[in-house]
>>> print(open('upload.txt').read())   # compact mmCIF, C-alpha atoms and all ligand atoms
# COMPACT_ATOMS: atom_id res chain seq x y z
CA PRO A 1 0.00 0.00 0.00
CA ILE A 2 1.08 3.53 -0.87
CA VAL A 3 1.11 6.31 1.72
CA LEU A 4 1.55 9.89 0.65
CA VAL A 5 3.50 12.05 3.11
CA LEU A 6 3.01 15.71 2.22
CA ASN A 7 4.87 18.64 3.70
CA GLY A 8 3.88 22.23 3.09
CA PRO A 9 5.59 25.61 2.96
CA ASN A 10 8.87 26.38 4.73
CA LEU A 11 9.38 22.79 5.83
CA ASN A 12 12.24 22.57 3.31
CA LEU A 13 14.11 24.77 5.79
CA LEU A 14 13.81 22.37 8.73
CA GLY A 15 17.05 22.13 10.67
CA LEU A 16 17.77 25.80 10.03
CA ARG A 17 14.36 27.24 10.76
CA GLU A 18 13.58 28.10 14.41
CA PRO A 19 15.25 24.93 15.74
CA HIS A 20 14.02 25.72 19.28
CA ILE A 21 10.50 25.13 17.93
CA TYR A 22 10.95 22.63 15.10
CA GLY A 23 14.07 20.72 16.15
CA ARG A 24 17.37 20.11 14.39
CA ASP A 25 16.34 17.36 11.99
CA THR A 26 16.46 18.34 8.33
CA LEU A 27 13.66 17.43 5.93
CA ALA A 28 16.05 15.02 4.18
CA GLY A 29 16.69 13.34 7.53
CA ILE A 30 12.97 13.13 8.26
CA LYS A 31 12.34 11.70 4.77
CA ALA A 32 14.90 8.94 5.36
CA MET A 33 13.34 8.07 8.74
CA VAL A 34 9.79 8.11 7.41
CA GLU A 35 10.72 5.89 4.44
CA ALA A 36 12.46 3.39 6.74
CA TRP A 37 9.52 3.36 9.17
CA GLY A 38 7.10 2.94 6.26
CA GLU A 39 9.06 -0.05 5.03
CA SER A 40 8.90 -1.63 8.50
CA PHE A 41 5.09 -1.27 8.36
CA GLY A 42 4.95 -2.71 4.82
CA LEU A 43 3.99 0.73 3.43
CA GLU A 44 5.43 2.42 0.38
CA VAL A 45 6.04 6.05 1.31
CA GLU A 46 5.85 8.80 -1.30
CA PHE A 47 7.39 11.81 0.44
CA HIS A 48 6.91 15.31 -0.96
CA GLN A 49 7.41 18.92 0.09
CA SER A 50 6.17 22.03 -1.66
CA ASN A 51 5.92 25.72 -0.93
CA HIS A 52 3.05 25.92 -3.43
CA GLU A 53 -0.54 25.23 -2.43
CA GLY A 54 -1.55 24.09 -5.92
CA GLU A 55 1.22 21.50 -6.08
CA LEU A 56 0.07 20.01 -2.77
CA ILE A 57 -3.50 19.93 -4.14
CA ASP A 58 -2.33 18.12 -7.30
CA TRP A 59 -0.60 15.44 -5.19
CA ILE A 60 -3.76 14.97 -3.11
CA HIS A 61 -5.87 14.56 -6.28
CA ALA A 62 -3.42 11.99 -7.63
CA ALA A 63 -3.82 9.97 -4.39
CA ARG A 64 -7.52 9.35 -5.07
CA GLY A 65 -8.11 5.63 -5.62
CA ARG A 66 -4.36 4.97 -5.36
CA ALA A 67 -3.11 5.70 -1.83
CA ALA A 68 -4.13 4.02 1.43
CA GLY A 69 -3.53 7.18 3.40
CA ILE A 70 -2.26 10.74 3.33
CA ILE A 71 -0.09 12.09 6.13
CA ILE A 72 -0.01 15.85 5.88
CA ASN A 73 1.92 18.60 7.62
CA ALA A 74 0.52 21.55 5.69
CA GLY A 75 2.67 24.12 7.55
CA ALA A 76 0.97 27.52 7.66
CA PHE A 77 -1.54 26.44 4.97
CA THR A 78 -3.10 24.46 7.85
CA HIS A 79 -4.54 27.68 9.19
CA THR A 80 -5.59 29.27 5.90
CA SER A 81 -6.37 26.76 3.18
CA ILE A 82 -9.96 25.84 2.47
CA ALA A 83 -8.67 24.54 -0.87
CA LEU A 84 -6.44 21.92 0.78
CA MET A 85 -9.31 20.88 3.05
CA ASP A 86 -11.60 20.50 0.03
CA ALA A 87 -8.96 18.52 -1.87
CA LEU A 88 -8.59 16.09 1.06
CA LEU A 89 -12.37 15.65 1.26
CA ALA A 90 -12.55 15.10 -2.51
CA SER A 91 -9.74 12.54 -2.45
CA GLU A 92 -11.69 10.18 -0.16
CA VAL A 93 -8.33 8.99 1.16
CA PRO A 94 -8.03 8.92 4.97
CA ALA A 95 -5.77 11.73 6.12
CA ILE A 96 -3.74 12.14 9.30
CA GLU A 97 -2.64 15.69 10.13
CA VAL A 98 0.79 16.08 11.71
CA HIS A 99 2.60 19.07 13.22
CA LEU A 100 6.06 18.99 14.71
CA SER A 101 5.22 21.68 17.26
CA ASN A 102 2.30 21.78 19.67
CA ILE A 103 0.20 24.32 17.77
CA PHE A 104 -2.10 24.78 20.79
CA GLN A 105 0.77 26.10 22.89
CA ARG A 106 1.51 28.77 20.29
CA GLU A 107 -0.16 31.87 18.85
CA ALA A 108 -3.96 31.86 18.70
CA PHE A 109 -3.94 31.94 14.87
CA ARG A 110 -2.34 28.47 14.91
CA HIS A 111 -5.13 26.98 17.02
CA HIS A 112 -7.51 26.63 14.10
CA SER A 113 -6.90 24.03 11.41
CA TYR A 114 -8.84 23.66 8.17
CA ILE A 115 -6.97 20.39 7.61
CA ALA A 116 -8.42 18.96 10.83
CA LEU A 117 -11.93 19.32 9.37
CA ALA A 118 -10.92 16.80 6.69
CA ALA A 119 -8.61 14.61 8.79
CA LYS A 120 -9.30 11.36 10.53
CA GLY A 121 -6.90 12.32 13.32
CA VAL A 122 -4.41 14.97 14.35
CA ILE A 123 -1.00 14.54 15.98
CA CYS A 124 0.96 17.56 17.18
CA GLY A 125 3.78 18.48 19.52
CA LEU A 126 5.73 15.23 19.29
CA GLY A 127 8.27 16.31 16.68
CA VAL A 128 9.34 13.76 14.11
CA GLN A 129 7.76 10.96 16.15
CA GLY A 130 4.38 12.30 14.99
CA TYR A 131 5.12 11.03 11.47
CA LEU A 132 5.88 7.56 12.84
CA LEU A 133 2.64 7.49 14.84
CA ALA A 134 0.72 8.65 11.76
CA LEU A 135 2.20 5.79 9.71
CA GLU A 136 1.12 3.37 12.40
CA ALA A 137 -2.38 4.86 12.26
CA VAL A 138 -2.54 4.47 8.46
CA LYS A 139 -1.32 0.88 8.80
CA GLY A 140 -4.16 0.27 11.26
CA LEU A 141 -6.75 1.70 8.87
CA ILE A 142 -5.87 -0.63 5.99
CA GLY A 143 -8.44 -3.31 5.49
CA GLN A 144 -10.87 -1.60 7.86
CA ASP A 145 -14.26 -0.47 6.68
CA PRO A 146 -14.60 3.29 6.78
CA PRO A 147 -16.66 4.30 9.85
C1 LIG B 201 3.81 23.43 11.69
C2 LIG B 201 2.99 24.43 12.53
C3 LIG B 201 2.47 25.57 11.66
O1 LIG B 201 1.73 26.48 12.46
C4 LIG B 201 3.62 26.32 11.04
O2 LIG B 201 3.14 27.32 10.17
C5 LIG B 201 4.56 25.41 10.32
C6 LIG B 201 4.93 24.14 10.93
C7 LIG B 201 4.48 22.34 12.54
O3 LIG B 201 4.87 21.32 12.00
O4 LIG B 201 4.62 22.52 13.77
O5 LIG B 201 5.08 25.76 9.26
O6 LIG B 201 2.95 22.80 10.77
>>> encode(input="upload.txt", output="structure tokens", more="lines below")
Ligand code: DQA
Amino acid sequence: PIVLVLNGPNLNLLGLREPHIYGRDTLAGIKAMVEAWGESFGLEVEFHQSNHEGELIDWIHAARGRAAGIIINAGAFTHTSIALMDALLASEVPAIEVHLSNIFQREAFRHHSYIALAAKGVICGLGVQGYLLALEAVKGLIGQDPP
């Protein structure tokens, strides 16, 4: 089974960007970990990052009927993008929302997520481990009837 792991704007700068908030791991490091974890769960990870909303939407559309799950850290688009929410709903692929930081401990504008309205579950504040837990959740959903 294929799992799409999507990362939104500014996450290409992980490792350099506000390491006190987002940690020291680079996106390349996270990609390697996520791919290895996916393999251990028998999942084929397709890992992407884009700073462009439309490119993320195109990947979500391409997942329809093809991917078992979408793990998405939409970065700041989380808090603004009705279009990403609609794309996830249209894809009919179960989505797990991930954030490295605990968005509820931060500014009020980060407390609302459009992605959450289209997600099966949300994991935040656990750093890179959130991606691992999301993979485990997708693994658990495979073969289950949608609720
Ligand atoms: C983030 C949280 C967002 O509020 C922020 O805009 C990001 C990263 C996280 O992983 O903690 O870019 O999604």
>>> residues_near_ligand(input="upload.txt", ligand="ligand LIG 201 (chain B)", cutoff="8 Å", atoms="all atoms listed in the file", output="list in words")
Gly8, Pro9, Asn10, Leu11, Ile21, Tyr22, Asn73, Ala74, Gly75, Ala76, Phe77, Thr78, His79, Val98, His99, Leu100, Ser101, Asn102, Ile103, Arg110, Cys124, Gly125 and Gly127 of chain A
>>> closest_residue(input="upload.txt", among="A:Arg64, A:Trp59, A:Gly42, A:Leu89", to="A:Lys120", atoms="all atoms listed in the file")
A:Leu89
>>> closest_residue(input="upload.txt", among="A:Leu6, A:Ala83, A:Val128, A:Val45", to="A:Glu97", atoms="all atoms listed in the file")
A:Leu6
>>> atom_distance(input="upload.txt", atom1="atom CA of A:Pro19", atom2="atom CA of A:Asn51")
19.1 Å
>>> closest_atom_pairs(input="upload.txt", of="stretch 92-122 of chain A", to="stretch 136-146 of chain A", cutoff="10 Å", atoms="all atoms listed in the file", output="Markdown table")
| residue | atom | partner | partner_atom | distance |
| --- | --- | --- | --- | --- |
| A:Pro94 | CA | A:Val138 | CA | 7.9 |
| A:Ala95 | CA | A:Val138 | CA | 8.3 |
| A:Ile96 | CA | A:Val138 | CA | 7.8 |
| A:Lys120 | CA | A:Ala137 | CA | 9.7 |
| A:Gly121 | CA | A:Ala137 | CA | 8.8 |
>>> write_last_selection(input="upload.txt", atoms="C-alpha atoms", output="compact mmCIF listing (two decimals), in the coordinates of the input")
# COMPACT_ATOMS: atom_id res chain seq x y z
CA PRO A 94 -8.03 8.92 4.97
CA ALA A 95 -5.77 11.73 6.12
CA ILE A 96 -3.74 12.14 9.30
CA LYS A 120 -9.30 11.36 10.53
CA GLY A 121 -6.90 12.32 13.32
>>> residues_around(input="upload.txt", residues="A:Glu39", least_positions_apart="2", cutoff="12 Å", atoms="only C-alpha atoms", output="ChimeraX atom specification")
/A:1-3,32-37,41-46,132,135-136,139
>>> write_last_selection(input="upload.txt", atoms="C-alpha atoms", output="tab-separated table (two decimals), in the frame of the given file")
chain	number	residue	atom	x	y	z
A	1	PRO	CA	0.00	0.00	0.00
A	2	ILE	CA	1.08	3.53	-0.87
A	3	VAL	CA	1.11	6.31	1.72
A	32	ALA	CA	14.90	8.94	5.36
A	33	MET	CA	13.34	8.07	8.74
A	34	VAL	CA	9.79	8.11	7.41
A	35	GLU	CA	10.72	5.89	4.44
A	36	ALA	CA	12.46	3.39	6.74
A	37	TRP	CA	9.52	3.36	9.17
A	41	PHE	CA	5.09	-1.27	8.36
A	42	GLY	CA	4.95	-2.71	4.82
A	43	LEU	CA	3.99	0.73	3.43
A	44	GLU	CA	5.43	2.42	0.38
A	45	VAL	CA	6.04	6.05	1.31
A	46	GLU	CA	5.85	8.80	-1.30
A	132	LEU	CA	5.88	7.56	12.84
A	135	LEU	CA	2.20	5.79	9.71
A	136	GLU	CA	1.12	3.37	12.40
A	139	LYS	CA	-1.32	0.88	8.80
>>> residues_near_point(input="upload.txt", point="(2.0, 9.1, 7.7)", cutoff="6 Å", atoms="only C-alpha atoms", output="PyMOL selection string")
chain A and resi 5+71+131+134-135
>>> closest_residue(input="upload.txt", among="A:Glu18, A:Tyr114, A:Leu13, A:Gln105", to="A:Ile30", atoms="all atoms listed in the file")
A:Leu13
>>> atom_distance(input="upload.txt", atom1="atom CA of A:Leu133", atom2="atom CA of A:Leu88")
19.7 Å
>>> atom_distance(input="upload.txt", atom1="atom CA of A:Ala62", atom2="atom CA of A:Leu14")
25.9 Å
>>> closest_residue(input="upload.txt", among="A:Leu16, A:Leu4, A:Ile60, A:Ala28", to="A:Met85", atoms="only C-alpha atoms")
A:Ile60
